[in-house]
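Here is the file run_38.tsv (TSV, C-alpha atoms and all ligand atoms).
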```
chain	number	residue	atom	x	y	z
W	1	MET	CA	-7.02	-9.31	11.77
W	2	GLY	CA	-4.06	-8.49	13.93
W	3	THR	CA	-2.77	-5.76	11.64
W	4	TYR	CA	-2.82	-2.97	14.23
W	5	GLY	CA	-1.29	-2.77	17.71
W	6	ALA	CA	-3.57	-3.31	20.70
W	7	PRO	CA	-5.91	-0.29	20.97
W	8	GLN	CA	-5.12	2.00	23.92
W	9	ARG	CA	-8.72	2.99	24.62
W	10	VAL	CA	-12.24	2.45	23.30
W	11	LEU	CA	-13.62	5.80	22.16
W	12	VAL	CA	-17.35	6.40	22.17
W	13	ARG	CA	-18.01	10.08	21.48
W	14	GLY	CA	-16.42	13.32	20.29
W	15	GLU	CA	-17.14	17.02	20.10
W	16	GLY	CA	-14.79	19.56	18.54
W	17	ALA	CA	-11.27	18.60	19.63
W	18	TRP	CA	-12.53	16.48	22.55
W	19	VAL	CA	-13.12	12.72	22.59
W	20	TRP	CA	-14.49	10.53	25.39
W	21	ASP	CA	-13.63	6.91	26.12
W	22	ALA	CA	-15.91	4.10	27.26
W	23	ASP	CA	-15.08	4.87	30.91
W	24	GLY	CA	-16.23	8.47	30.51
W	25	ARG	CA	-12.71	9.97	30.53
W	26	ARG	CA	-12.17	12.99	28.31
W	27	TYR	CA	-9.11	13.54	26.07
W	28	LEU	CA	-7.91	16.42	23.93
W	29	ASP	CA	-7.51	14.93	20.46
W	30	LEU	CA	-4.24	16.27	19.07
W	31	LEU	CA	-4.10	13.66	16.30
W	32	ALA	CA	-7.55	14.05	14.65
W	33	GLY	CA	-7.67	10.49	13.38
W	34	ILE	CA	-4.25	11.06	11.74
W	35	ALA	CA	-4.75	14.49	10.20
W	36	VAL	CA	-8.28	13.61	9.07
W	37	ASN	CA	-10.84	15.39	11.28
W	38	ALA	CA	-10.06	18.92	10.12
W	39	LEU	CA	-13.33	20.21	11.62
W	40	GLY	CA	-12.97	18.10	14.75
W	41	HIS	CA	-15.68	15.70	15.88
W	42	ALA	CA	-19.42	16.01	15.28
W	43	HIS	CA	-19.17	19.36	13.50
W	44	PRO	CA	-22.76	20.55	12.94
W	45	VAL	CA	-22.24	21.69	9.31
W	46	LEU	CA	-20.54	18.44	8.30
W	47	THR	CA	-23.11	16.35	10.16
W	48	ALA	CA	-25.99	18.21	8.51
W	49	ALA	CA	-24.48	17.95	5.01
W	50	VAL	CA	-23.89	14.21	5.29
W	51	THR	CA	-27.28	13.55	6.84
W	52	ALA	CA	-29.16	15.60	4.23
W	53	GLN	CA	-27.32	13.97	1.32
W	54	MET	CA	-27.87	10.45	2.67
W	55	ALA	CA	-31.57	11.24	3.04
W	56	THR	CA	-31.68	12.43	-0.58
W	57	LEU	CA	-29.39	10.22	-2.66
W	58	GLY	CA	-26.75	8.02	-1.07
W	59	HIS	CA	-25.01	6.20	-3.89
W	60	VAL	CA	-25.47	5.72	-7.63
W	61	SER	CA	-22.27	4.23	-9.18
W	62	ASN	CA	-20.23	5.94	-11.87
W	63	PHE	CA	-22.75	5.09	-14.57
W	64	PHE	CA	-24.39	8.32	-13.36
W	65	ALA	CA	-23.29	11.80	-12.37
W	66	THR	CA	-24.40	13.63	-9.22
W	67	GLY	CA	-24.33	17.29	-8.28
W	68	PRO	CA	-22.01	16.98	-5.24
W	69	GLN	CA	-19.44	14.97	-7.24
W	70	VAL	CA	-19.23	17.58	-9.98
W	71	ALA	CA	-19.23	20.48	-7.51
W	72	LEU	CA	-16.40	18.90	-5.51
W	73	ALA	CA	-14.24	18.35	-8.59
W	74	GLU	CA	-14.79	21.95	-9.69
W	75	ARG	CA	-14.05	23.33	-6.22
W	76	LEU	CA	-10.80	21.36	-6.00
W	77	LEU	CA	-9.64	22.67	-9.38
W	78	GLU	CA	-10.46	26.20	-8.28
W	79	LEU	CA	-8.53	25.87	-5.00
W	80	LEU	CA	-5.51	24.38	-6.81
W	81	GLY	CA	-5.50	27.18	-9.40
W	82	ALA	CA	-5.69	24.40	-11.98
W	83	PRO	CA	-5.12	25.27	-15.65
W	84	GLU	CA	-7.54	24.53	-18.50
W	85	GLY	CA	-7.91	20.83	-19.30
W	86	SER	CA	-7.34	19.65	-15.71
W	87	ARG	CA	-9.27	16.57	-14.57
W	88	VAL	CA	-10.22	15.03	-11.20
W	89	PHE	CA	-10.67	11.35	-10.31
W	90	LEU	CA	-12.46	10.82	-6.99
W	91	CYS	CA	-11.73	7.81	-4.82
W	92	SER	CA	-11.90	6.76	-1.17
W	93	SER	CA	-8.42	6.82	0.39
W	94	GLY	CA	-4.87	8.05	0.12
W	95	THR	CA	-3.39	4.81	-1.09
W	96	GLU	CA	-6.07	4.63	-3.77
W	97	ALA	CA	-5.30	8.18	-4.89
W	98	ASN	CA	-1.64	7.23	-5.25
W	99	GLU	CA	-2.53	4.05	-7.17
W	100	GLY	CA	-4.27	6.32	-9.66
W	101	ALA	CA	-1.22	8.54	-9.87
W	102	PHE	CA	1.04	5.49	-10.33
W	103	LYS	CA	-1.15	4.28	-13.22
W	104	MET	CA	-0.87	7.76	-14.77
W	105	THR	CA	2.93	7.49	-14.69
W	106	ARG	CA	2.73	4.20	-16.61
W	107	ARG	CA	0.66	5.93	-19.30
W	108	THR	CA	3.59	8.24	-20.04
W	109	GLY	CA	5.20	5.25	-21.76
W	110	ARG	CA	8.19	5.56	-19.45
W	111	PRO	CA	8.85	2.63	-17.09
W	112	GLU	CA	10.51	4.27	-14.09
W	113	VAL	CA	9.27	6.30	-11.13
W	114	LEU	CA	11.39	8.24	-8.65
W	115	ALA	CA	10.39	8.64	-5.00
W	116	LEU	CA	12.31	9.75	-1.92
W	117	GLU	CA	13.91	7.93	0.99
W	118	GLY	CA	11.55	8.15	3.96
W	119	ALA	CA	8.50	8.38	1.69
W	120	PHE	CA	5.12	7.03	2.72
W	121	HIS	CA	2.51	6.79	-0.04
W	122	GLY	CA	0.23	4.01	1.22
W	123	ARG	CA	-0.09	0.26	1.69
W	124	SER	CA	-1.71	-1.12	-1.47
W	125	MET	CA	0.79	-2.73	-3.82
W	126	GLY	CA	1.50	0.21	-6.14
W	127	ALA	CA	1.58	2.79	-3.37
W	128	LEU	CA	3.68	0.40	-1.29
W	129	ALA	CA	6.19	0.22	-4.13
W	130	LEU	CA	6.49	4.03	-3.84
W	131	THR	CA	6.83	3.79	-0.04
W	132	ALA	CA	10.42	3.56	1.16
W	133	LYS	CA	10.30	1.76	4.50
W	134	GLN	CA	11.90	-1.66	4.05
W	135	ALA	CA	10.10	-3.32	6.98
W	136	ILE	CA	6.64	-2.75	5.51
W	137	ARG	CA	7.66	-3.47	1.87
W	138	GLU	CA	9.66	-6.64	2.24
W	139	PRO	CA	6.90	-9.07	3.33
W	140	PHE	CA	5.01	-8.25	0.11
W	141	GLU	CA	7.67	-8.42	-2.55
W	142	PRO	CA	7.66	-8.58	-5.50
W	143	LEU	CA	6.09	-5.13	-5.74
W	144	PRO	CA	5.35	-3.31	-9.00
W	145	GLY	CA	8.72	-2.49	-10.54
W	146	GLY	CA	10.63	0.50	-11.77
W	147	VAL	CA	10.60	2.53	-8.55
W	148	ARG	CA	13.84	4.07	-7.31
W	149	HIS	CA	14.24	5.95	-4.03
W	150	LEU	CA	16.53	8.99	-4.04
W	151	PRO	CA	18.17	10.66	-1.02
W	152	PHE	CA	15.71	12.99	0.77
W	153	GLY	CA	15.88	16.63	-0.25
W	154	ASP	CA	18.98	16.18	-2.43
W	155	VAL	CA	18.61	18.30	-5.59
W	156	ASP	CA	21.88	17.06	-7.09
W	157	ALA	CA	20.78	13.42	-6.79
W	158	LEU	CA	17.50	14.33	-8.50
W	159	ALA	CA	19.29	16.18	-11.28
W	160	ALA	CA	21.54	13.17	-11.85
W	161	ALA	CA	18.59	10.75	-11.94
W	162	LEU	CA	16.81	12.89	-14.54
W	163	ASP	CA	19.88	13.56	-16.67
W	164	GLY	CA	20.55	12.27	-20.20
W	165	ASP	CA	19.23	8.97	-21.59
W	166	ALA	CA	18.50	7.56	-18.12
W	167	GLY	CA	16.27	10.56	-17.43
W	168	GLN	CA	14.21	9.74	-20.52
W	169	ARG	CA	13.12	6.48	-18.85
W	170	VAL	CA	11.64	8.35	-15.86
W	171	GLY	CA	7.87	8.85	-16.01
W	172	ALA	CA	7.52	10.75	-12.75
W	173	LEU	CA	8.90	11.97	-9.46
W	174	VAL	CA	6.52	11.43	-6.53
W	175	VAL	CA	7.05	13.58	-3.40
W	176	GLU	CA	5.36	14.64	-0.17
W	177	PRO	CA	5.93	18.37	0.58
W	178	VAL	CA	6.27	17.37	4.25
W	179	GLN	CA	6.96	13.69	4.87
W	180	GLY	CA	4.31	12.83	7.43
W	181	GLU	CA	4.88	9.22	8.40
W	182	ALA	CA	8.67	9.66	8.35
W	183	GLY	CA	8.22	11.92	11.39
W	184	VAL	CA	7.01	15.26	9.93
W	185	ARG	CA	10.02	16.14	7.79
W	186	PRO	CA	9.52	19.20	5.54
W	187	LEU	CA	11.39	19.16	2.22
W	188	PRO	CA	14.23	21.69	2.28
W	189	PRO	CA	13.25	25.12	0.89
W	190	GLY	CA	13.75	25.24	-2.87
W	191	TYR	CA	13.53	21.49	-3.44
W	192	LEU	CA	10.01	21.52	-4.91
W	193	ALA	CA	10.83	24.42	-7.22
W	194	ALA	CA	13.97	22.62	-8.39
W	195	ALA	CA	11.97	19.40	-8.81
W	196	ARG	CA	9.45	21.30	-10.95
W	197	GLU	CA	12.17	22.58	-13.25
W	198	LEU	CA	14.11	19.32	-13.48
W	199	THR	CA	11.07	17.09	-14.13
W	200	ALA	CA	9.73	19.52	-16.76
W	201	ALA	CA	13.10	19.62	-18.52
W	202	ALA	CA	13.28	15.81	-18.57
W	203	GLY	CA	9.64	15.43	-19.69
W	204	ALA	CA	8.69	13.61	-16.48
W	205	LEU	CA	5.62	14.23	-14.33
W	206	LEU	CA	5.85	15.91	-10.94
W	207	VAL	CA	3.40	14.11	-8.64
W	208	VAL	CA	2.80	15.81	-5.29
W	209	ASP	CA	1.30	13.61	-2.59
W	210	GLU	CA	-0.73	16.02	-0.45
W	211	VAL	CA	-2.74	13.25	1.21
W	212	GLN	CA	-1.56	14.38	4.66
W	213	THR	CA	-0.48	17.97	3.99
W	214	GLY	CA	-3.39	19.12	1.81
W	215	VAL	CA	-6.62	20.95	2.56
W	216	GLY	CA	-5.27	23.53	5.00
W	217	ARG	CA	-3.27	21.33	7.35
W	218	THR	CA	0.03	23.16	6.94
W	219	GLY	CA	-1.50	26.64	6.99
W	220	ARG	CA	-1.91	26.83	3.22
W	221	TRP	CA	-4.67	25.17	1.18
W	222	PHE	CA	-1.93	22.96	-0.25
W	223	ALA	CA	1.58	22.67	1.13
W	224	ALA	CA	3.05	22.78	-2.39
W	225	ALA	CA	1.21	25.98	-3.33
W	226	GLY	CA	3.34	28.89	-4.49
W	227	PRO	CA	2.93	32.49	-3.29
W	228	ASP	CA	-0.01	32.91	-5.72
W	229	GLY	CA	-1.77	29.87	-4.17
W	230	ARG	CA	-1.40	27.83	-7.35
W	231	VAL	CA	0.10	24.34	-7.21
W	232	ASP	CA	2.69	24.02	-9.96
W	233	ALA	CA	2.76	20.25	-10.48
W	234	ASP	CA	1.33	17.72	-12.93
W	235	VAL	CA	-0.53	15.50	-10.50
W	236	VAL	CA	-1.76	16.12	-6.95
W	237	THR	CA	-3.18	13.42	-4.68
W	238	LEU	CA	-5.47	14.15	-1.74
W	239	ALA	CA	-7.36	12.21	0.96
W	240	LYS	CA	-7.19	12.31	4.80
W	241	GLY	CA	-8.51	15.81	5.72
W	242	LEU	CA	-10.55	16.23	2.55
W	243	GLY	CA	-13.59	14.33	3.80
W	244	GLY	CA	-13.34	15.44	7.42
W	245	GLY	CA	-13.78	11.82	8.51
W	246	LEU	CA	-15.62	10.30	5.58
W	247	PRO	CA	-13.47	8.33	3.13
W	248	VAL	CA	-12.70	10.66	0.22
W	249	GLY	CA	-9.60	10.87	-1.92
W	250	ALA	CA	-8.78	12.57	-5.19
W	251	VAL	CA	-6.23	12.40	-7.98
W	252	VAL	CA	-5.95	15.61	-9.92
W	253	GLY	CA	-4.29	15.78	-13.32
W	254	LEU	CA	-3.26	19.41	-13.77
W	255	GLY	CA	-3.45	20.68	-17.35
W	256	GLU	CA	-4.33	19.06	-20.70
W	257	GLY	CA	-1.56	16.45	-20.76
W	258	PRO	CA	-1.86	15.01	-17.23
W	259	GLY	CA	-5.65	15.44	-17.36
W	260	ALA	CA	-5.82	13.10	-20.36
W	261	LEU	CA	-3.45	10.32	-19.20
W	262	LEU	CA	-6.23	8.00	-18.03
W	263	GLY	CA	-8.96	7.43	-20.59
W	264	ALA	CA	-12.30	5.66	-20.70
W	265	GLY	CA	-12.12	2.18	-19.19
W	266	GLN	CA	-8.59	2.59	-17.81
W	267	HIS	CA	-9.46	3.20	-14.17
W	268	GLY	CA	-12.46	3.11	-11.87
W	269	THR	CA	-13.81	2.48	-8.40
W	270	THR	CA	-17.34	1.78	-7.22
W	271	PHE	CA	-17.44	4.21	-4.29
W	272	GLY	CA	-15.44	7.03	-5.92
W	273	GLY	CA	-17.38	10.30	-6.04
W	274	ASN	CA	-20.14	8.86	-3.88
W	275	PRO	CA	-22.50	11.82	-3.27
W	276	VAL	CA	-22.45	11.48	0.54
W	277	CYS	CA	-18.64	11.58	0.63
W	278	ALA	CA	-18.58	14.40	-1.93
W	279	ALA	CA	-21.09	16.38	0.18
W	280	ALA	CA	-18.86	15.83	3.22
W	281	ALA	CA	-15.81	17.16	1.38
W	282	LEU	CA	-17.75	20.18	0.12
W	283	ALA	CA	-18.88	20.92	3.68
W	284	VAL	CA	-15.28	20.67	4.93
W	285	LEU	CA	-14.00	23.05	2.24
W	286	HIS	CA	-16.89	25.43	2.93
W	287	VAL	CA	-16.25	25.63	6.68
W	288	LEU	CA	-12.47	25.93	6.27
W	289	GLU	CA	-13.05	28.94	4.05
W	290	ARG	CA	-15.97	30.48	5.98
W	291	ASP	CA	-14.17	30.30	9.33
W	292	GLY	CA	-10.69	31.20	8.05
W	293	LEU	CA	-9.32	27.91	9.39
W	294	VAL	CA	-6.46	27.69	6.91
W	295	GLU	CA	-5.00	31.01	8.12
W	296	ARG	CA	-5.79	29.87	11.65
W	297	ALA	CA	-3.75	26.68	11.12
W	298	ARG	CA	-0.82	28.85	10.06
W	299	ASP	CA	-1.07	31.38	12.90
W	300	LEU	CA	-1.92	28.98	15.72
W	301	GLY	CA	0.66	26.49	14.41
W	302	THR	CA	3.42	29.10	14.44
W	303	ARG	CA	2.61	30.27	17.97
W	304	TRP	CA	2.06	26.75	19.29
W	305	ALA	CA	5.36	25.45	17.86
W	306	ALA	CA	7.22	28.33	19.55
W	307	ASP	CA	5.43	27.77	22.87
W	308	LEU	CA	6.08	24.03	22.78
W	309	ALA	CA	9.76	24.53	21.90
W	310	GLY	CA	10.07	26.92	24.85
W	311	VAL	CA	8.74	24.68	27.62
W	312	ASP	CA	10.90	24.12	30.65
W	313	ASP	CA	12.12	20.52	30.31
W	314	PRO	CA	14.55	19.29	32.98
W	315	THR	CA	14.53	15.78	31.40
W	316	GLY	CA	16.35	17.01	28.28
W	317	LEU	CA	13.99	14.85	26.20
W	318	LEU	CA	12.62	17.70	24.09
W	319	ALA	CA	15.14	18.62	21.40
W	320	GLY	CA	12.93	20.85	19.24
W	321	VAL	CA	9.70	21.23	17.29
W	322	ARG	CA	9.44	20.90	13.51
W	323	GLY	CA	6.72	21.02	10.89
W	324	GLU	CA	4.36	23.57	9.39
W	325	GLY	CA	0.95	24.87	10.44
W	326	LEU	CA	-0.87	22.22	12.44
W	327	LEU	CA	1.31	19.36	11.25
W	328	LEU	CA	4.05	19.37	13.88
W	329	ALA	CA	6.41	16.96	15.61
W	330	LEU	CA	8.13	17.17	18.96
W	331	GLU	CA	11.70	16.10	18.23
W	332	LEU	CA	13.11	14.00	21.06
W	333	SER	CA	16.76	13.62	22.01
W	334	ARG	CA	16.22	9.90	22.59
W	335	PRO	CA	13.94	7.25	21.04
W	336	ALA	CA	11.27	7.71	23.71
W	337	ALA	CA	8.27	8.65	21.55
W	338	PRO	CA	6.13	5.65	22.59
W	339	ALA	CA	6.71	6.49	26.28
W	340	VAL	CA	5.80	10.15	25.66
W	341	ALA	CA	2.61	9.13	23.82
W	342	ARG	CA	1.61	6.81	26.70
W	343	ALA	CA	2.29	9.51	29.30
W	344	ALA	CA	0.33	12.05	27.24
W	345	LEU	CA	-2.66	9.72	27.03
W	346	GLU	CA	-2.59	9.20	30.79
W	347	ALA	CA	-2.58	12.99	31.15
W	348	GLY	CA	-5.59	13.31	28.81
W	349	PHE	CA	-3.99	14.06	25.42
W	350	VAL	CA	-4.07	11.98	22.23
W	351	VAL	CA	-0.74	12.31	20.38
W	352	ASN	CA	1.15	9.90	18.12
W	353	ALA	CA	4.59	8.29	18.29
W	354	VAL	CA	5.13	8.66	14.55
W	355	ALA	CA	8.84	7.72	14.72
W	356	PRO	CA	11.06	6.45	17.55
W	357	SER	CA	12.21	10.02	18.35
W	358	ALA	CA	9.27	12.06	17.06
W	359	VAL	CA	5.80	12.71	18.49
W	360	ARG	CA	3.29	13.93	15.90
W	361	LEU	CA	0.70	16.62	16.59
W	362	ALA	CA	-1.99	16.97	13.89
W	363	PRO	CA	-5.01	18.35	15.76
W	364	PRO	CA	-8.34	19.44	14.33
W	365	LEU	CA	-7.99	22.87	12.71
W	366	VAL	CA	-10.75	24.06	15.09
W	367	LEU	CA	-8.43	23.62	18.09
W	368	THR	CA	-8.83	26.65	20.37
W	369	ASP	CA	-5.96	28.71	21.80
W	370	GLU	CA	-6.94	27.54	25.25
W	371	GLN	CA	-6.86	23.87	24.22
W	372	ALA	CA	-3.47	24.31	22.53
W	373	GLY	CA	-2.20	26.08	25.66
W	374	SER	CA	-3.35	23.26	27.93
W	375	PHE	CA	-0.98	20.87	26.17
W	376	VAL	CA	1.92	23.32	26.50
W	377	ALA	CA	1.17	23.55	30.23
W	378	ALA	CA	0.98	19.75	30.60
W	379	LEU	CA	4.06	18.94	28.53
W	380	PRO	CA	6.75	19.21	31.27
W	381	ALA	CA	4.90	16.68	33.45
W	382	VAL	CA	4.29	14.41	30.43
W	383	LEU	CA	8.00	14.45	29.55
W	384	ALA	CA	8.93	13.81	33.18
W	385	ALA	CA	6.58	10.81	33.35
W	386	ALA	CA	8.05	9.47	30.08
W	387	ALA	CA	11.61	9.91	31.37
W	388	GLN	CA	10.63	8.10	34.56
W	389	GLU	CA	9.20	5.19	32.54
W	390	GLU	CA	12.46	5.04	30.57
W	391	ALA	CA	14.54	4.80	33.77
I	1	LIG	C1	-1.74	8.45	5.01
I	1	LIG	C2	-1.00	8.71	3.75
I	1	LIG	C3	-1.22	7.93	2.60
I	1	LIG	C4	-2.15	6.75	2.61
I	1	LIG	O1	-3.46	7.11	2.84
I	1	LIG	P1	-4.53	5.99	3.28
I	1	LIG	O2	-5.83	6.74	3.27
I	1	LIG	O3	-4.11	5.51	4.63
I	1	LIG	O4	-4.49	4.92	2.29
I	1	LIG	C5	-0.55	8.28	1.45
I	1	LIG	N1	0.30	9.31	1.41
I	1	LIG	C6	0.54	10.07	2.49
I	1	LIG	C7	1.48	11.23	2.38
I	1	LIG	C8	-0.09	9.79	3.70
I	1	LIG	O5	0.18	10.52	4.77
```

Please re-express this file's structure in structure tokens.
Ligand SMILES: *Cc1c(COP(=O)(O)O)cnc(C)c1O
Amino acid sequence: MGTYGAPQRVLVRGEGAWVWDADGRRYLDLLAGIAVNALGHAHPVLTAAVTAQMATLGHVSNFFATGPQVALAERLLELLGAPEGSRVFLCSSGTEANEGAFKMTRRTGRPEVLALEGAFHGRSMGALALTAKQAIREPFEPLPGGVRHLPFGDVDALAAALDGDAGQRVGALVVEPVQGEAGVRPLPPGYLAAARELTAAAGALLVVDEVQTGVGRTGRWFAAAGPDGRVDADVVTLAKGLGGGLPVGAVVGLGEGPGALLGAGQHGTTFGGNPVCAAAALAVLHVLERDGLVERARDLGTRWAADLAGVDDPTGLLAGVRGEGLLLALELSRPAAPAVARAALEAGFVVNAVAPSAVRLAPPLVLTDEQAGSFVAALPAVLAAAAQEEA
């Protein structure tokens, strides 16, 4: 179906942060399949894990348990610092993880859900109801009801929405720690902590959508993690980077209450917890830890953002760099992101025009210093070519 724009290239092969097109041209992949390929392409550990699991037991349905499924759930709870009574539901995508979270909010008995302006939570009907962008919602209305979008990063607006009798109708607040699809917009410092306090006081769930930010991307295992590494929320959703390229998502209910919101027969999915996908996710988590790639995302991301912000740019197009770890955006002074992405591709770099004035960089976490540096070196010419196209 014609749901996507015309593809720019046909890709045939990848290795690490490199991909090759059907004409044999090589590109540095600074998008990683939209923050998915944390280990890059064709990583030997991931390839071996998936191959071995497929050759052993590929799929069984949720009438049965498998070792990888259980191990993955336990590993996720460990990484999140999850309290006793926490539960994991495994699924196959980000939108599906957020559908699960949405269903959990309905089980609170409260009919309303708060989300933020600029939010992106997915394209299936429930997740789309949580998504803010009018242009992608409107063709599909009516969407599931009760969702209200609050001003981004505004603690006073949140406090007002959760206050008094009105606040007692709110089942949950759903937030991304860094809004990815809105152009890589981090929540202001202090917002998540305030959201934790305000939702707890009102008896509402705090749902953190870490589909894009989770699993090391921002330089922490989870972007919402506190200084002790623990995520202080009621529900966390994951997908994208978790499977390193295989479709894996997860909804985690943190603690006894959230862990018990969905009971027997209330939710399900045929592929969820599939042992091949679970083995892939376990391999990703293993390599991230073994190779220190989460710390690397933080350190390289910090240096790279500074280097990118410092490039000599006579076009005046580059206004700044924002984001955390290896989830960054070049902020442009004009809505020229599509032209910059085209010029970058011509120069051998895959980047993404995530918003009219923002170019997203979400490379594999295995990106080398040299590879990162090559984009810094190429950026002035890329911006010049984009400015020329504009003129
Ligand atoms: C990509 C994304 C989703 C949707 O994930 P899909 O796997 O595309 O369904 C949901 N939330 C956030 C924050 C995302 O970035």

_Distance limit 10 Å, reference ligand LIG 1 (chain I), atoms considered: only C-alpha atoms and all ligand atoms. Which residues make the cut? Give them as a ChimeraX atom specification._
/W:34-36,92-99,119-124,127-128,130-131,175-182,184,208-214,237-241,247-249

_Surrounding residues of range 140-152 of chain W excluding itself and chain neighbours under 5 positions, 8 Å, only C-alpha atoms, as a list in words_ =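 Close residues of range 140-152 of chain W: Pro111, Glu112, Val113, Leu114, Ala115, Leu116, Glu117, Gly118, Met125, Gly126, Leu128, Ala129, Leu130, Ala132, Ala157, Leu158 and Leu187 of chain W.
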
Emit the selected residues as an mmCIF file, in the frame of the given file, including C-alpha atoms.
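File written: result13.cif
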```
data_model
loop_
_atom_site.group_PDB
_atom_site.id
_atom_site.type_symbol
_atom_site.label_atom_id
_atom_site.label_comp_id
_atom_site.auth_asym_id
_atom_site.auth_seq_id
_atom_site.Cartn_x
_atom_site.Cartn_y
_atom_site.Cartn_z
ATOM 1 C CA PRO W 111 8.850 2.630 -17.090
ATOM 2 C CA GLU W 112 10.510 4.270 -14.090
ATOM 3 C CA VAL W 113 9.270 6.300 -11.130
ATOM 4 C CA LEU W 114 11.390 8.240 -8.650
ATOM 5 C CA ALA W 115 10.390 8.640 -5.000
ATOM 6 C CA LEU W 116 12.310 9.750 -1.920
ATOM 7 C CA GLU W 117 13.910 7.930 0.990
ATOM 8 C CA GLY W 118 11.550 8.150 3.960
ATOM 9 C CA MET W 125 0.790 -2.730 -3.820
ATOM 10 C CA GLY W 126 1.500 0.210 -6.140
ATOM 11 C CA LEU W 128 3.680 0.400 -1.290
ATOM 12 C CA ALA W 129 6.190 0.220 -4.130
ATOM 13 C CA LEU W 130 6.490 4.030 -3.840
ATOM 14 C CA ALA W 132 10.420 3.560 1.160
ATOM 15 C CA ALA W 157 20.780 13.420 -6.790
ATOM 16 C CA LEU W 158 17.500 14.330 -8.500
ATOM 17 C CA LEU W 187 11.390 19.160 2.220
#
```

*Could you give me, as a ChimeraX atom specification, the residues within 9 Å of Gly253 in chain W, counting all atoms listed in the file and dropping anything in the same chain fewer than 4 positions from it?*
/W:82,85-89,101,104,233-236,257-261

*Closest to Ala344 in chain W among W:Gly203, W:Pro380, W:Pro363, W:Pro314, using only C-alpha atoms?*
W:Pro380

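Taking all atoms listed in the file into account, Leu285 in chain W lies nearest to W:Glu78 out of the set W:Asp21, W:Asp312, W:Glu15, W:Glu78.
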
*Counting all atoms listed in the file, which of W:Ala280, W:Ala264, W:Val340, W:Leu79 gets nearest to Gly245 in chain W?*
W:Ala280

*Mind pulling up the distance from CA of Arg360 in chain W to CA of Gly183 in chain W?*
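These two atoms are separated by 7.0 Å.
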
_Using only C-alpha atoms, can you tell me which of W:Phe64, W:Phe271, W:Trp20, W:Trp221 comes closest to Leu345 in chain W?_
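Between W:Phe64, W:Phe271, W:Trp20, W:Trp221, the residue approaching Leu345 in chain W most closely is W:Trp20.
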
*Nearest-residue call for Asp369 in chain W, choices W:Gly301, W:Gly216, W:Gly2, W:Gly40, using only C-alpha atoms*: W:Gly301

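Rounded to one decimal, CA of Arg185 in chain W and CA of Leu76 in chain W lie 25.5 Å from each other.
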
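Candidate residues W:Ala281, W:Ala42, W:Ala337, W:Val376 were compared for distance to Arg75 in chain W, and the nearest is W:Ala281, using only C-alpha atoms.
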
*Neighbours of Val70 in chain W within 9 Å (all atoms listed in the file; same-chain residues fewer than 5 positions away dropped), as a ChimeraX atom specification?*
/W:65,75,273,278

*Spatial neighbours of Glu390 in chain W, 8 Å, all atoms listed in the file, chain gap at least 2 places, as a list in words*: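 Selected residues are Ala336, Ala339, Ala386, Ala387 and Gln388 of chain W.
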
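As for CA of Ala341 in chain W and CA of Thr218 in chain W, they are spaced 22.1 Å apart.
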